[in-house]
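Q: Data: query-v8.txt, compact mmCIF, C-alpha atoms (C1' of nucleotides).
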```txt
# COMPACT_ATOMS: atom_id res chain seq x y z
CA MET A 248 116.48 94.35 86.51
CA PRO A 249 117.88 91.91 89.01
CA GLU A 250 116.80 88.41 88.11
CA LEU A 251 118.59 85.36 89.42
CA ILE A 252 121.67 86.06 87.30
CA GLU A 253 122.22 89.50 88.83
CA VAL A 254 121.37 88.36 92.34
CA GLU A 255 123.91 85.55 92.06
CA SER A 256 126.57 88.13 91.20
CA TYR A 257 125.45 90.13 94.25
CA ARG A 258 125.79 87.04 96.42
CA GLN A 259 129.29 86.42 95.14
CA ALA A 260 130.19 90.03 95.90
CA ALA A 261 128.81 89.56 99.41
CA ASP A 262 131.11 86.59 99.92
CA ARG A 263 133.78 89.22 100.57
CA VAL A 264 132.25 89.95 103.96
CA VAL A 265 132.16 86.35 105.19
CA GLY A 266 134.21 86.22 108.38
CA ARG A 267 133.56 89.84 109.23
CA THR A 268 131.74 91.02 112.34
CA VAL A 269 129.02 93.65 112.10
CA ARG A 270 129.87 96.85 113.96
CA ALA A 271 126.75 98.80 113.01
CA VAL A 272 123.50 98.47 111.11
CA VAL A 273 122.54 101.46 108.98
CA ALA A 274 118.80 101.47 108.33
CA PRO A 275 117.75 104.98 107.34
CA ASP A 276 114.62 103.78 105.58
CA ALA A 277 112.30 101.90 107.93
CA TRP A 278 109.92 101.26 105.06
CA PHE A 279 112.61 99.12 103.45
CA LEU A 280 112.48 96.66 106.36
CA LYS A 281 109.92 93.91 105.78
CA GLY A 282 108.20 91.22 107.79
CA GLY A 283 107.44 93.55 110.68
CA ALA A 284 111.10 94.36 111.28
CA THR A 285 112.16 97.77 112.57
CA PRO A 286 115.59 99.38 112.67
CA SER A 287 115.96 98.50 116.36
CA VAL A 288 114.90 94.90 115.85
CA VAL A 289 117.32 94.40 112.96
CA THR A 290 120.07 96.16 114.88
CA ALA A 291 119.57 93.91 117.90
CA ALA A 292 119.63 90.79 115.77
CA VAL A 293 122.59 91.68 113.58
CA GLU A 294 125.04 93.93 115.43
CA ARG A 295 128.10 92.19 116.90
CA ARG A 296 127.25 89.09 114.88
CA THR A 297 129.70 87.55 112.44
CA VAL A 298 128.79 86.68 108.86
CA VAL A 299 129.51 82.99 108.35
CA GLY A 300 128.15 82.47 104.85
CA THR A 301 125.88 83.60 102.04
CA GLY A 302 123.06 81.94 100.17
CA ARG A 303 120.59 82.51 97.38
CA ARG A 304 117.39 81.03 96.03
CA GLY A 305 115.96 82.67 92.97
CA LYS A 306 115.98 86.44 93.45
CA LEU A 307 116.37 86.23 97.23
CA MET A 308 119.80 86.25 98.80
CA TRP A 309 120.81 86.19 102.42
CA LEU A 310 123.70 86.42 104.83
CA ASP A 311 124.10 83.64 107.39
CA LEU A 312 125.03 85.00 110.81
CA ASP A 313 126.79 83.13 113.59
CA ASP A 314 123.66 83.03 115.74
CA GLY A 315 121.73 81.21 113.04
CA VAL A 316 119.83 84.27 111.88
CA GLN A 317 119.52 84.79 108.15
CA LEU A 318 119.44 88.35 106.88
CA GLY A 319 117.41 88.30 103.68
CA LEU A 320 117.99 90.84 100.90
CA ARG A 321 115.62 91.53 98.02
CA PHE A 322 116.41 93.90 95.18
CA GLY A 323 113.12 94.59 93.47
CA MET A 324 113.67 96.10 90.08
CA THR A 325 116.45 98.60 90.70
CA GLY A 326 118.33 97.30 93.73
CA ARG A 327 122.10 96.90 93.68
CA ILE A 328 124.66 95.74 96.17
CA VAL A 329 127.89 97.61 96.87
CA VAL A 330 130.61 95.98 98.97
CA ASP A 331 133.54 98.08 100.13
CA GLY A 332 132.68 100.66 97.50
CA PHE A 333 132.53 98.22 94.61
CA GLY A 334 129.42 96.89 92.92
CA PRO A 335 129.39 93.90 90.58
CA ILE A 336 126.87 95.71 88.40
CA ASP A 337 127.22 99.41 87.59
CA ALA A 338 123.95 100.04 85.84
CA LEU A 339 120.80 97.97 85.62
CA GLU A 340 118.49 97.77 82.63
CA TYR A 341 115.60 100.18 83.34
CA GLY A 342 117.53 101.67 86.29
CA PRO A 343 119.47 104.90 86.59
CA SER A 344 123.11 104.75 85.56
CA ARG A 345 124.36 107.22 88.13
CA GLN A 346 124.94 106.73 91.83
CA ASP A 347 123.31 108.64 94.63
CA PRO A 348 123.92 108.07 98.35
CA ALA A 349 120.30 109.03 98.95
CA TRP A 350 119.37 105.68 97.42
CA ASP A 351 121.26 103.72 100.09
CA ARG A 352 118.37 101.97 101.84
CA PHE A 353 120.30 99.61 104.09
CA GLY A 354 123.87 98.96 105.10
CA LEU A 355 126.19 96.99 107.34
CA GLU A 356 129.44 98.43 108.67
CA PHE A 357 132.07 96.00 109.84
CA VAL A 358 134.37 95.99 112.85
CA ARG A 359 137.62 95.99 110.91
CA GLY A 360 136.29 98.34 108.25
CA GLY A 361 134.40 98.04 105.03
CA ARG A 362 130.68 98.04 104.43
CA LEU A 363 127.91 96.33 102.53
CA VAL A 364 125.26 98.65 101.10
CA LEU A 365 121.97 97.97 99.37
CA SER A 366 121.16 100.83 97.00
CA ASP A 367 117.67 100.92 95.52
CA PRO A 368 116.31 104.09 93.87
CA ARG A 369 112.75 102.82 93.54
CA ARG A 370 112.56 101.14 96.94
CA LEU A 371 110.97 98.02 95.54
CA GLY A 372 113.46 95.77 97.30
CA GLY A 373 113.68 95.09 101.00
CA VAL A 374 115.47 93.55 103.98
CA GLU A 375 113.96 90.82 106.13
CA LEU A 376 115.07 88.69 109.05
CA ASP A 377 114.79 84.93 108.53
CA PRO A 378 112.96 85.02 105.18
CA ASP A 379 110.61 82.10 104.57
CA LEU A 380 112.44 80.01 101.98
CA SER A 381 109.62 77.49 101.85
CA ARG A 382 107.59 80.03 99.88
CA LEU A 383 110.00 79.74 96.97
CA GLY A 384 109.90 77.09 94.28
CA PRO A 385 112.95 75.25 92.94
CA GLU A 386 115.86 77.23 91.56
CA ALA A 387 115.27 78.03 87.88
CA SER A 388 118.91 77.81 86.79
CA THR A 389 119.08 74.11 87.69
CA VAL A 390 115.43 73.12 87.31
CA THR A 391 114.86 69.49 86.36
CA ARG A 392 112.21 68.07 84.11
CA LYS A 393 110.46 66.61 87.15
CA GLU A 394 110.55 69.87 89.09
CA LEU A 395 109.15 71.79 86.14
CA THR A 396 106.39 69.21 85.71
CA VAL A 397 105.33 69.89 89.30
CA ALA A 398 105.73 73.66 88.89
CA LEU A 399 103.42 73.80 85.88
CA GLY A 400 101.03 71.15 87.13
CA SER A 401 97.65 71.32 85.49
CA SER A 402 97.44 75.10 85.83
CA SER A 403 95.23 77.03 83.48
CA ALA A 404 97.30 80.18 84.03
CA PRO A 405 99.40 81.46 81.11
CA LEU A 406 102.71 79.63 80.80
CA LYS A 407 104.63 82.86 81.32
CA ALA A 408 102.68 83.66 84.50
CA ALA A 409 103.66 80.26 85.88
CA LEU A 410 107.34 80.86 85.10
CA LEU A 411 107.18 84.24 86.85
CA ASP A 412 105.44 82.82 89.93
CA GLN A 413 108.25 82.60 92.47
CA SER A 414 106.38 80.02 94.52
CA ARG A 415 106.36 77.68 91.52
CA LEU A 416 109.85 78.42 90.22
CA ALA A 417 112.38 80.80 91.75
CA GLY A 418 114.49 83.30 89.88
CA VAL A 419 112.81 84.03 86.56
CA GLY A 420 111.90 87.65 85.84
CA ASN A 421 110.30 89.27 82.85
CA LEU A 422 113.36 89.31 80.59
CA ILE A 423 114.48 85.71 81.17
CA ALA A 424 110.87 84.58 80.78
CA ASP A 425 110.46 86.21 77.36
CA GLU A 426 113.89 85.12 76.15
CA THR A 427 113.35 81.53 77.26
CA LEU A 428 109.90 81.20 75.72
CA TRP A 429 111.16 82.72 72.49
CA ARG A 430 114.06 80.25 72.39
CA ALA A 431 111.70 77.38 73.17
CA GLY A 432 109.24 78.49 70.50
CA MET A 433 106.35 78.50 72.96
CA ASP A 434 103.46 80.96 73.19
CA PRO A 435 103.65 82.80 76.53
CA ALA A 436 99.86 82.80 76.75
CA ARG A 437 99.27 79.07 76.31
CA PRO A 438 97.99 77.33 79.44
CA ALA A 439 100.86 76.19 81.65
CA GLY A 440 99.26 72.83 82.26
CA GLY A 441 98.81 72.14 78.58
CA LEU A 442 102.39 71.11 77.88
CA ASP A 443 103.03 67.45 77.19
CA ALA A 444 106.00 65.61 78.70
CA ASP A 445 108.26 66.40 75.76
CA ASP A 446 107.37 70.10 75.91
CA VAL A 447 108.14 70.22 79.63
CA ALA A 448 111.48 68.50 79.14
CA ALA A 449 112.36 70.89 76.33
CA LEU A 450 111.35 73.91 78.36
CA ALA A 451 113.42 72.78 81.34
CA ARG A 452 116.44 72.40 79.07
CA THR A 453 115.82 75.80 77.48
CA LEU A 454 115.50 77.45 80.88
CA ARG A 455 118.84 76.07 82.05
CA SER A 456 120.64 76.84 78.80
CA THR A 457 119.19 80.35 78.59
CA VAL A 458 120.28 81.21 82.12
CA ARG A 459 123.72 79.78 81.35
CA LEU A 460 124.01 81.77 78.13
CA LEU A 461 122.84 85.06 79.62
CA THR A 462 125.12 84.57 82.61
CA ARG A 463 128.06 84.12 80.26
CA ARG A 464 127.04 87.21 78.31
CA GLY A 465 126.72 89.29 81.44
CA GLY A 466 123.12 89.56 82.54
CA SER A 467 119.43 88.94 82.06
CA HIS A 468 119.28 91.84 79.59
CA THR A 469 121.73 90.26 77.11
CA GLY A 470 119.31 87.98 75.30
CA ASP A 471 118.81 88.06 71.54
CA LEU A 472 115.20 89.11 71.97
CA GLN A 473 116.12 91.97 74.29
CA GLU A 474 117.45 94.29 71.60
CA GLN A 475 114.12 93.96 69.79
CA ARG A 476 112.06 94.66 72.93
CA HIS A 477 110.49 97.81 71.57
CA ARG A 478 107.32 98.61 69.71
CA SER A 479 108.76 98.21 66.21
CA GLY A 480 110.93 95.21 67.10
CA THR A 481 111.23 92.21 64.79
CA CYS A 482 112.05 88.56 65.47
CA PRO A 483 115.85 88.11 65.43
CA ARG A 484 115.36 84.74 63.72
CA CYS A 485 112.65 85.21 61.12
CA GLY A 486 112.23 88.96 60.89
CA GLU A 487 108.52 88.91 61.60
CA PRO A 488 107.26 91.93 63.61
CA LEU A 489 107.13 90.98 67.27
CA GLU A 490 103.86 90.93 69.15
CA ARG A 491 103.64 93.18 72.20
CA ARG A 492 100.99 92.43 74.80
CA THR A 493 100.40 91.95 78.49
CA VAL A 494 100.68 88.38 79.75
CA GLY A 495 100.80 87.50 83.40
CA GLY A 496 100.53 91.21 84.16
CA ARG A 497 103.81 91.99 82.43
CA THR A 498 104.79 93.51 79.11
CA THR A 499 105.47 90.58 76.85
CA TYR A 500 107.22 90.35 73.49
CA SER A 501 106.93 87.25 71.36
CA CYS A 502 107.14 86.13 67.76
CA PRO A 503 103.66 85.31 66.43
CA ALA A 504 105.17 83.18 63.68
CA GLU A 505 107.45 81.00 65.81
CA GLN A 506 105.70 80.93 69.15
CA GLY A 507 102.26 79.85 68.07
C1' DA B 59 92.41 76.99 95.97
C1' DT B 60 93.60 79.44 91.89
C1' DT B 61 93.85 83.22 88.93
C1' DG B 62 93.71 88.04 87.80
C1' DT B 63 94.17 92.96 88.89
C1' DG B 64 95.83 97.12 90.90
C1' DG B 65 99.08 99.63 93.58
C1' DC B 66 103.40 100.53 95.57
C1' DC B 67 107.86 103.05 94.45
C1' DT B 68 110.52 106.84 91.59
C1' DG B 69 113.90 107.95 87.75
C1' DC B 70 113.73 108.72 83.08
C1' DC B 71 112.01 109.69 78.47
C1' DC B 72 108.99 111.63 75.25
C1' DG B 73 106.00 115.10 73.44
C1' DC B 74 104.07 119.52 73.91
C1' DT C 146 113.30 125.24 78.30
C1' DG C 147 110.16 123.22 81.64
C1' DC C 148 106.49 120.27 82.62
C1' DG C 149 103.47 116.25 82.93
C1' DG C 150 102.06 111.80 81.65
C1' DG C 151 103.39 107.27 80.75
C1' DC C 152 106.46 103.55 81.46
C1' DA C 153 109.43 100.05 83.65
C1' DG C 154 108.51 95.31 86.85
C1' DG C 155 109.19 92.54 91.55
C1' DC C 156 106.20 91.81 94.97
C1' DC C 157 102.10 91.88 97.77
C1' DA C 158 97.21 92.70 99.10
C1' DC C 159 92.99 91.89 97.60
C1' DA C 160 88.94 90.36 94.76
C1' DA C 161 86.39 87.02 92.16
```
Take the structure in the file and write it out as structure tokens.
A:
Amino acid sequence: MPELIEVESYRQAADRVVGRTVRAVVAPDAWFLKGGATPSVVTAAVERRTVVGTGRRGKLMWLDLDDGVQLGLRFGMTGRIVVDGFGPIDALEYGPSRQDPAWDRFGLEFVRGGRLVLSDPRRLGGVELDPDLSRLGPEASTVTRKELTVALGSSSAPLKAALLDQSRLAGVGNLIADETLWRAGMDPARPAGGLDADDVAALARTLRSTVRLLTRRGGSHTGDLQEQRHRSGTCPRCGEPLERRTVGGRTTYSCPAEQG
DNA sequence: ATTGTGGCCTGCCCGC
DNA sequence: TGCGGGCAGGCCACAA
């Protein structure tokens, strides 16, 4: 699913449309528009505007328009971006591998040709004008020890739940969370606020290095733990059967021997 | 305020 | 072969 790694590749793909002027907004699915927006409102705000830049924080990306409006794009679990017919990612983990125009939930057509399309079979993503960036925590791929200390605070919530909370830390989804905690040797269910300073520093380092590694390998689904994410999976390091449970409301795999 | 839960959405896979 | 239930998880509303 699109975690920050995939969304960053979407943002880079969207860089192709910087400098282009929007000829038409295609919004066939009003439900996909969030924050009270309607097709006519989005059309009025975006048509005839020129894209002057792109940005991303966590799993949210946006297009900067020349009137200062930001067009926010969210991808949920199965959302993909296609620019001029090409998508940086062909098939998402847990998503269908085929294409279907019926899944095009939103699009921009440009004056001199070309288009940007958001395809999302399960409709868990969305489009929003001027998304509230202040609701997002610091970017996970570059998180510092100090930022993570603040993010975890003295919370009694499970450590994994804190990592998944986009207002604490932006960009981590279920797969990066499990892979990172496995690499750090930390129990996903331990209280987030229970880490000492050394633990927090180690976790911040592991977060950054895990995102870097998975980016190099090609996505959030390329972790070592991922191939054992099934009911009879074993720890890739020690061979112990993995534990499968729900933590933070999400299916969680961990090694009971190494992540105590 | 913080934490936990359920529901949204729908394609796909498994077992009957 | 067709069918139905369960599953996947990002995000949000809501409850305690």
Q: Hey, list the chain A side of the contact with chain C: 9 Å cut-off, all atoms listed in the file, answer as a VMD selection string.
A: chain A and resid 248 322 to 324 341 to 342 371 to 372 420 to 421 497 to 498
Q: Just to be explicit: take each residue in the selection above, keep C-alpha atoms, and write the result as a JSON list (two decimals), in the frame of the given file.
A:
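Below you can see out.json, which holds the result:
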```
[["chain", "number", "residue", "atom", "x", "y", "z"],
["A", 248, "MET", "CA", 116.48, 94.35, 86.51],
["A", 322, "PHE", "CA", 116.41, 93.90, 95.18],
["A", 323, "GLY", "CA", 113.12, 94.59, 93.47],
["A", 324, "MET", "CA", 113.67, 96.10, 90.08],
["A", 341, "TYR", "CA", 115.60, 100.18, 83.34],
["A", 342, "GLY", "CA", 117.53, 101.67, 86.29],
["A", 371, "LEU", "CA", 110.97, 98.02, 95.54],
["A", 372, "GLY", "CA", 113.46, 95.77, 97.30],
["A", 420, "GLY", "CA", 111.90, 87.65, 85.84],
["A", 421, "ASN", "CA", 110.30, 89.27, 82.85],
["A", 497, "ARG", "CA", 103.81, 91.99, 82.43],
["A", 498, "THR", "CA", 104.79, 93.51, 79.11]]
```
Q: Using only C-alpha atoms (C1' of nucleotides), find which residues of chain A lie within 8 Å of chain B and jot them down as a list in words.
A: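 The contacting residues on chain A are Gly342, Pro343, Pro368, Arg369, Arg370, Leu371 and Ala404 of chain A.
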Q: Which protein, DNA or RNA residues are at most 10 Å from (124.5, 104.4, 91.5) in the file's coordinates when you count only C-alpha atoms (C1' of nucleotides), listed as a list in words?
A: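 All residues meeting the 10 Å criterion around (124.5, 104.4, 91.5) are Thr325, Gly326, Arg327, Ile328, Val329, Gly334, Ile336, Asp337, Ala338, Leu339, Gly342, Pro343, Ser344, Arg345, Gln346, Asp347, Pro348, Ala349, Trp350, Asp351, Ser366, Asp367 and Pro368 of chain A.
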Q: Given the choices A:Val299, A:Leu307, A:Leu251, A:Ala261, which gets closest to Pro378 in chain A if the distance is worked out from only C-alpha atoms?
A: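 Using only C-alpha atoms, the shortest distance to Pro378 in chain A belongs to A:Leu307.
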Q: Show me, as a PyMOL selection string, the residues that have an atom within 12 Å of Thr389 in chain A when counting all atoms listed in the file, minus same-chain residues fewer than 6 positions from it.
A: chain A and resi 251+304-305+395+416-419+451-459
Q: In terms of the shortest atom-to-atom distance over only C-alpha atoms, which of A:His477, A:Arg362, A:Arg258, A:Lys393 is closest to Asp311 in chain A?
A: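 Closest residue, counting only C-alpha atoms: A:Arg258.
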Q: Could you work out an axis-aligned bounding box for all listed atoms of range 364-371 of chain A, with 5 Å added on each of the six sides, and give its centre and edge lengths in Å to one decimal, as lines of an AutoDock Vina configuration file?
A:
```
center_x = 118.1
center_y = 101.0
center_z = 97.3
size_x = 24.3
size_y = 16.1
size_z = 17.6
```
Q: Give me the residues near Pro438 in chain A as a VMD selection string, where near means some atom within 9 Å (using only C-alpha atoms (C1' of nucleotides)) and where sequence neighbours in that chain fewer than 3 positions away do not count.
A: chain A and resid 401 to 407 435 441 to 442
Q: For those residues, write C-alpha atoms to a file as a PDB file, keeping the file's coordinate frame.
A:
```pdb
ATOM      1  CA  SER A 401      97.650  71.320  85.490  1.00  0.00           C
ATOM      2  CA  SER A 402      97.440  75.100  85.830  1.00  0.00           C
ATOM      3  CA  SER A 403      95.230  77.030  83.480  1.00  0.00           C
ATOM      4  CA  ALA A 404      97.300  80.180  84.030  1.00  0.00           C
ATOM      5  CA  PRO A 405      99.400  81.460  81.110  1.00  0.00           C
ATOM      6  CA  LEU A 406     102.710  79.630  80.800  1.00  0.00           C
ATOM      7  CA  LYS A 407     104.630  82.860  81.320  1.00  0.00           C
ATOM      8  CA  PRO A 435     103.650  82.800  76.530  1.00  0.00           C
ATOM      9  CA  GLY A 441      98.810  72.140  78.580  1.00  0.00           C
ATOM     10  CA  LEU A 442     102.390  71.110  77.880  1.00  0.00           C
TER      11      LEU A 442
END
```
Q: Quick one: distance from CA of Arg492 in chain A to CA of Gly480 in chain A in Å, one decimal?
A: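 These two atoms are separated by 12.9 Å.
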Q: Find the spatial neighbours of Pro483 in chain A, counting all atoms listed in the file, within a cut-off of 10 Å - ignore same-chain residues fewer than 4 positions away - and output them as JSON, numbers by chain.
A: {"A": [471, 472, 473, 474, 475, 487, 488, 489, 502]}
Q: Please compute the CA of Glu294 in chain A-CA of Leu383 in chain A distance, one decimal, in Å.
A: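 Spanning CA of Glu294 in chain A to CA of Leu383 in chain A is a straight-line distance of 27.7 Å.
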Q: Using CA of Gly266 in chain A and CA of Leu363 in chain A as the two end points, give the distance in Å to one decimal.
A: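 Distance between the two atoms: 13.3 Å.
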